[in-house]
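Colleague: Got a structure for you, upload-v8.cif, holding mmCIF, C-alpha atoms.
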```
data_work
#
loop_
_atom_site.group_PDB
_atom_site.id
_atom_site.type_symbol
_atom_site.label_atom_id
_atom_site.label_comp_id
_atom_site.auth_asym_id
_atom_site.auth_seq_id
_atom_site.Cartn_x
_atom_site.Cartn_y
_atom_site.Cartn_z
ATOM 1 C CA SER D 28 151.476 -1.252 133.573
ATOM 2 C CA LEU D 29 150.582 -3.081 136.765
ATOM 3 C CA VAL D 30 147.177 -2.442 138.332
ATOM 4 C CA THR D 31 145.142 -3.696 141.283
ATOM 5 C CA GLY D 32 141.580 -3.294 142.508
ATOM 6 C CA ILE D 33 139.870 -4.337 139.282
ATOM 7 C CA ALA D 34 138.987 -7.696 137.753
ATOM 8 C CA ALA D 35 140.836 -8.968 134.686
ATOM 9 C CA GLU D 36 137.480 -9.429 132.938
ATOM 10 C CA LYS D 37 136.652 -5.742 133.428
ATOM 11 C CA LEU D 38 140.096 -4.753 132.152
ATOM 12 C CA SER D 39 139.624 -6.890 129.041
ATOM 13 C CA SER D 40 136.416 -5.022 128.240
ATOM 14 C CA ILE D 41 138.151 -1.610 128.101
ATOM 15 C CA ASP D 42 139.036 -0.470 124.596
ATOM 16 C CA GLY D 43 142.819 -0.127 124.293
ATOM 17 C CA VAL D 44 143.659 -2.434 127.226
ATOM 18 C CA THR D 45 145.206 -5.896 126.845
ATOM 19 C CA VAL D 46 145.585 -8.138 129.890
ATOM 20 C CA ILE D 47 149.024 -9.761 129.783
ATOM 21 C CA GLU D 48 149.026 -11.788 132.991
ATOM 22 C CA THR D 49 147.920 -11.923 136.593
ATOM 23 C CA ILE D 50 150.740 -12.014 139.149
ATOM 24 C CA PRO D 51 150.688 -11.854 142.963
ATOM 25 C CA ASP D 52 151.205 -8.047 142.894
ATOM 26 C CA GLY D 53 148.309 -7.374 140.493
ATOM 27 C CA ILE D 54 147.413 -7.564 136.831
ATOM 28 C CA VAL D 55 149.922 -6.695 134.128
ATOM 29 C CA ILE D 56 148.287 -4.795 131.283
ATOM 30 C CA GLU D 57 149.385 -3.223 128.047
ATOM 31 C CA THR D 58 147.569 -0.084 126.912
ATOM 32 C CA ASP D 59 147.426 2.258 123.998
ATOM 33 C CA ARG D 60 149.648 5.267 124.615
ATOM 34 C CA TYR D 61 149.675 9.042 124.374
ATOM 35 C CA ARG D 62 146.173 10.580 124.137
ATOM 36 C CA ALA D 63 144.491 7.174 124.460
ATOM 37 C CA PHE D 64 146.384 6.464 127.679
ATOM 38 C CA SER D 65 144.913 9.569 129.326
ATOM 39 C CA ARG D 66 141.403 8.307 128.599
ATOM 40 C CA ILE D 67 142.297 4.800 129.768
ATOM 41 C CA ALA D 68 143.943 6.020 132.995
ATOM 42 C CA GLY D 69 140.865 8.080 133.834
ATOM 43 C CA GLN D 70 138.555 5.166 133.120
ATOM 44 C CA LEU D 71 140.647 2.749 135.185
ATOM 45 C CA ALA D 72 140.645 5.176 138.111
ATOM 46 C CA ASN D 73 136.883 5.671 137.871
ATOM 47 C CA ASP D 74 136.398 1.891 137.733
ATOM 48 C CA GLY D 75 138.287 1.505 141.028
ATOM 49 C CA ALA D 76 141.687 0.399 139.749
ATOM 50 C CA ASP D 77 144.919 1.562 141.347
ATOM 51 C CA PHE D 78 148.252 1.783 139.559
ATOM 52 C CA VAL D 79 151.231 -0.029 140.997
ATOM 53 C CA GLU D 80 153.624 0.614 138.134
ATOM 54 C CA ILE D 81 153.588 2.469 134.811
ATOM 55 C CA ALA D 82 156.548 1.871 132.504
ATOM 56 C CA GLY D 83 158.888 1.393 135.465
ATOM 57 C CA ASN D 84 158.367 4.914 136.817
ATOM 58 C CA ASP D 85 157.920 5.959 140.452
ATOM 59 C CA GLU D 86 156.252 9.260 139.574
ATOM 60 C CA ILE D 87 154.036 10.423 136.750
ATOM 61 C CA LEU D 88 153.049 13.863 135.472
ATOM 62 C CA PHE D 89 149.574 14.835 134.382
ATOM 63 C CA THR D 90 148.114 18.103 133.229
ATOM 64 C CA ALA D 91 144.718 19.430 134.151
ATOM 65 C CA ILE D 92 142.732 22.493 133.121
ATOM 66 C CA SER D 93 140.676 24.819 135.319
ATOM 67 C CA ASP D 94 139.441 28.356 135.756
ATOM 68 C CA VAL D 95 141.498 28.872 138.928
ATOM 69 C CA SER D 96 145.005 30.293 138.801
ATOM 70 C CA SER D 97 146.455 28.067 141.505
ATOM 71 C CA VAL D 98 146.187 24.442 142.603
ATOM 72 C CA SER D 99 147.946 23.430 145.812
ATOM 73 C CA ASP D 100 149.750 20.354 144.464
ATOM 74 C CA ALA D 101 150.657 21.743 141.025
ATOM 75 C CA ILE D 102 154.370 22.030 140.381
ATOM 76 C CA TYR D 103 153.649 24.709 137.795
ATOM 77 C CA THR D 104 150.572 26.596 136.586
ATOM 78 C CA PHE D 105 150.275 28.904 133.620
ATOM 79 C CA PRO D 106 147.506 30.586 131.627
ATOM 80 C CA ARG D 107 146.518 28.951 128.356
ATOM 81 C CA GLN D 108 146.819 31.565 125.641
ATOM 82 C CA GLY D 109 143.508 32.190 123.903
ATOM 83 C CA TYR D 110 141.428 30.093 126.312
ATOM 84 C CA GLY D 111 141.023 32.210 129.440
ATOM 85 C CA ASP D 112 141.819 29.300 131.749
ATOM 86 C CA TYR D 113 144.880 27.659 133.302
ATOM 87 C CA ARG D 114 146.956 24.522 132.763
ATOM 88 C CA HIS D 115 148.302 22.848 135.898
ATOM 89 C CA LEU D 116 151.219 20.416 135.888
ATOM 90 C CA ILE D 117 150.810 17.893 138.688
ATOM 91 C CA LEU D 118 153.431 15.290 139.606
ATOM 92 C CA VAL D 119 152.267 12.363 141.723
ATOM 93 C CA PRO D 120 153.623 8.975 142.757
ATOM 94 C CA VAL D 121 152.357 6.327 140.333
ATOM 95 C CA SER D 122 150.697 4.623 143.304
ATOM 96 C CA GLY D 123 148.688 7.811 143.970
ATOM 97 C CA LEU D 124 147.668 8.568 140.383
ATOM 98 C CA ALA D 125 144.289 6.815 140.396
ATOM 99 C CA ASP D 126 143.259 8.392 143.689
ATOM 100 C CA ARG D 127 144.252 11.850 142.427
ATOM 101 C CA LEU D 128 142.325 11.279 139.182
ATOM 102 C CA ARG D 129 139.277 10.250 141.197
ATOM 103 C CA ASN D 130 139.600 13.498 143.164
ATOM 104 C CA LEU D 131 140.242 16.189 140.580
ATOM 105 C CA ASP D 132 138.237 18.700 142.653
ATOM 106 C CA GLY D 133 137.015 20.870 139.796
ATOM 107 C CA LEU D 134 139.945 20.221 137.476
ATOM 108 C CA VAL D 135 139.506 18.636 134.067
ATOM 109 C CA LEU D 136 142.079 15.992 133.158
ATOM 110 C CA GLU D 137 143.954 17.023 130.059
ATOM 111 C CA HIS D 138 146.776 14.503 129.632
ATOM 112 C CA VAL D 139 148.611 11.808 131.580
ATOM 113 C CA HIS D 140 152.204 11.835 130.378
ATOM 114 C CA ASP D 141 153.060 8.161 129.951
ATOM 115 C CA TYR D 142 156.826 8.227 129.626
#
```
I need this file expressed as C-alpha cells, please.
Modeller:
Amino acid sequence: SLVTGIAAEKLSSIDGVTVIETIPDGIVIETDRYRAFSRIAGQLANDGADFVEIAGNDEILFTAISDVSSVSDAIYTFPRQGYGDYRHLILVPVSGLADRLRNLDGLVLEHVHDY
C-alpha cells in the first residue's frame, strides 16, 4: 500500500505494518491482511494517514454494521440474521477510504476487503 499524511516512524510502530520505502508520492508499506488489515486501515485513518494505493486498486469495498436499515452511500444493505442489525456494503475510491473511515457516522467498521 501507499500512504501519505503520517510519519514513517509512526507507521513502524503499528503492529502488522512494515515500512518498505519512502518515495515522492508517499510511503510504501506492507501490512498484514484480511481481518488484521481492517484493524490497521482503521488505525491508519484515525492517525491521519490517507491511502493513495492499495494492491493496485482504484476502489475498495468495506462493510459496516449499524441499527439503521439504510445508509446513503451503501451499494447494498441487508439484515444480519440473528443479530437484529444491518450490514452495509460501501464502495469508495481508495483515495477516499481513510476519510470515510474517519467519518463512519454511527456505523461500526466490520471489514475492509483488501483484494
Colleague: For atom CA of D:Asp77 and atom CA of D:Asp52, determine how far apart the two atoms are, in Å to one decimal place.
Modeller: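 Separation between atom CA of D:Asp77 and atom CA of D:Asp52: 11.6 Å.
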Colleague: Skip D:Arg114 itself and residues of its chain fewer than 3 positions away, then list as a list in words all residues within 6 Å of it, counting only C-alpha atoms.
Modeller: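 Result of the neighbour search: Ala91, Ile92, Thr104 and Phe105 of chain D.
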Colleague: For C-alpha atoms, I'd like the residues from the last selection saved as a CSV table (one decimal), keeping the file's coordinate frame.
Modeller:
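As a result, selection09.csv now contains:
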```csv
chain,number,residue,atom,x,y,z
D,91,ALA,CA,144.7,19.4,134.2
D,92,ILE,CA,142.7,22.5,133.1
D,104,THR,CA,150.6,26.6,136.6
D,105,PHE,CA,150.3,28.9,133.6
```
Colleague: Kindly indicate which residue among D:Ser99, D:Ala35, D:Ala63, D:Val44 lies nearest to D:Asp132, using all atoms listed in the file for the distances.
Modeller: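 Of D:Ser99, D:Ala35, D:Ala63, D:Val44, the one nearest D:Asp132 is D:Ser99, counting all atoms listed in the file.
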Colleague: Report, in Å with one decimal, the straight-line distance from atom CA of D:Glu80 to atom CA of D:Ser122.
Modeller: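 The value is 7.2 Å.
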Colleague: Restricting the calculation to only C-alpha atoms, which member of D:Tyr110, D:Val55, D:Val119, D:Val30 is positioned closest to D:Ala68?
Modeller: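 For D:Ala68, the nearest of the candidates is D:Val30.
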Colleague: With all atoms listed in the file as the counted atoms, please give the residues lying no more than 8 Å from D:Leu116, apart from itself and same-chain residues fewer than 6 positions off, as a PyMOL selection string.
Modeller: chain D and resi 88-91+101-104
Colleague: For a quick check of your reading of the model, name the residues lying within 12 Å of the coordinate (148.2, 1.8, 125.8), counting all atoms listed in the file, and write them as a compact mmCIF listing (two decimals) with C-alpha atoms, keeping the file's coordinate frame.
Modeller:
```txt
# COMPACT_ATOMS: atom_id res chain seq x y z
CA SER D 28 151.48 -1.25 133.57
CA ILE D 41 138.15 -1.61 128.10
CA ASP D 42 139.04 -0.47 124.60
CA GLY D 43 142.82 -0.13 124.29
CA VAL D 44 143.66 -2.43 127.23
CA THR D 45 145.21 -5.90 126.84
CA VAL D 46 145.58 -8.14 129.89
CA ILE D 56 148.29 -4.80 131.28
CA GLU D 57 149.38 -3.22 128.05
CA THR D 58 147.57 -0.08 126.91
CA ASP D 59 147.43 2.26 124.00
CA ARG D 60 149.65 5.27 124.62
CA TYR D 61 149.68 9.04 124.37
CA ARG D 62 146.17 10.58 124.14
CA ALA D 63 144.49 7.17 124.46
CA PHE D 64 146.38 6.46 127.68
CA SER D 65 144.91 9.57 129.33
CA ARG D 66 141.40 8.31 128.60
CA ILE D 67 142.30 4.80 129.77
CA ALA D 68 143.94 6.02 133.00
CA ILE D 81 153.59 2.47 134.81
CA ALA D 82 156.55 1.87 132.50
CA VAL D 139 148.61 11.81 131.58
CA HIS D 140 152.20 11.84 130.38
CA ASP D 141 153.06 8.16 129.95
CA TYR D 142 156.83 8.23 129.63
```
Colleague: With distances taken over only C-alpha atoms, which of D:Gln108, D:Gln70, D:Ser97, D:Asn130 is nearest to D:Ser40?
Modeller: D:Gln70
Colleague: Enter the distance from atom CA of D:Val135 to atom CA of D:Ser39, in Å, rounded to one decimal.
Modeller: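 Answer for the atom CA of D:Val135 to atom CA of D:Ser39 separation: 26.0 Å.
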Colleague: Once 6 Å is added on each side, what are the centre and the three edge lengths, in Å to one decimal, of the axis-aligned box enclosing the listed atoms of stretch 128-135 of chain D? Present them as lines of an AutoDock Vina configuration file.
Modeller:
```
center_x = 139.7
center_y = 15.6
center_z = 138.6
size_x = 17.3
size_y = 22.6
size_z = 21.1
```
Colleague: Using all atoms listed in the file, which of D:Asp85, D:Ser93, D:Pro120, D:Tyr113 sits nearest D:Gly133?
Modeller: D:Ser93
Colleague: From the list D:Leu134, D:Asp112, D:Arg127, D:Val121, which residue is nearest D:Val98 when using all atoms listed in the file?
Modeller: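 With all atoms listed in the file as the atom set, the closest residue is D:Leu134.
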Colleague: From (141.9, 4.0, 140.6), in the file's coordinates, out to 10 Å: which residues are reached, counting only C-alpha atoms? Answer as a list in words.
Modeller: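 With a cut-off of 10 Å, the residues come to Val30, Thr31, Gly32, Ile33, Ala68, Gly69, Gln70, Leu71, Ala72, Asn73, Asp74, Gly75, Ala76, Asp77, Phe78, Ser122, Gly123, Leu124, Ala125, Asp126, Arg127, Leu128 and Arg129 of chain D.
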Colleague: Export, as a compact mmCIF listing (two decimals), in the frame of the given file, the selected residues with C-alpha atoms.
Modeller:
```txt
# COMPACT_ATOMS: atom_id res chain seq x y z
CA VAL D 30 147.18 -2.44 138.33
CA THR D 31 145.14 -3.70 141.28
CA GLY D 32 141.58 -3.29 142.51
CA ILE D 33 139.87 -4.34 139.28
CA ALA D 68 143.94 6.02 133.00
CA GLY D 69 140.86 8.08 133.83
CA GLN D 70 138.56 5.17 133.12
CA LEU D 71 140.65 2.75 135.18
CA ALA D 72 140.65 5.18 138.11
CA ASN D 73 136.88 5.67 137.87
CA ASP D 74 136.40 1.89 137.73
CA GLY D 75 138.29 1.50 141.03
CA ALA D 76 141.69 0.40 139.75
CA ASP D 77 144.92 1.56 141.35
CA PHE D 78 148.25 1.78 139.56
CA SER D 122 150.70 4.62 143.30
CA GLY D 123 148.69 7.81 143.97
CA LEU D 124 147.67 8.57 140.38
CA ALA D 125 144.29 6.82 140.40
CA ASP D 126 143.26 8.39 143.69
CA ARG D 127 144.25 11.85 142.43
CA LEU D 128 142.32 11.28 139.18
CA ARG D 129 139.28 10.25 141.20
```
Colleague: Nearest to D:His138 among D:Asp94, D:Gly111, D:Asp100, D:Ile87, with distances taken over only C-alpha atoms: which residue is it?
Modeller: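 Looking at the shortest contact to D:His138, the residue is D:Ile87.
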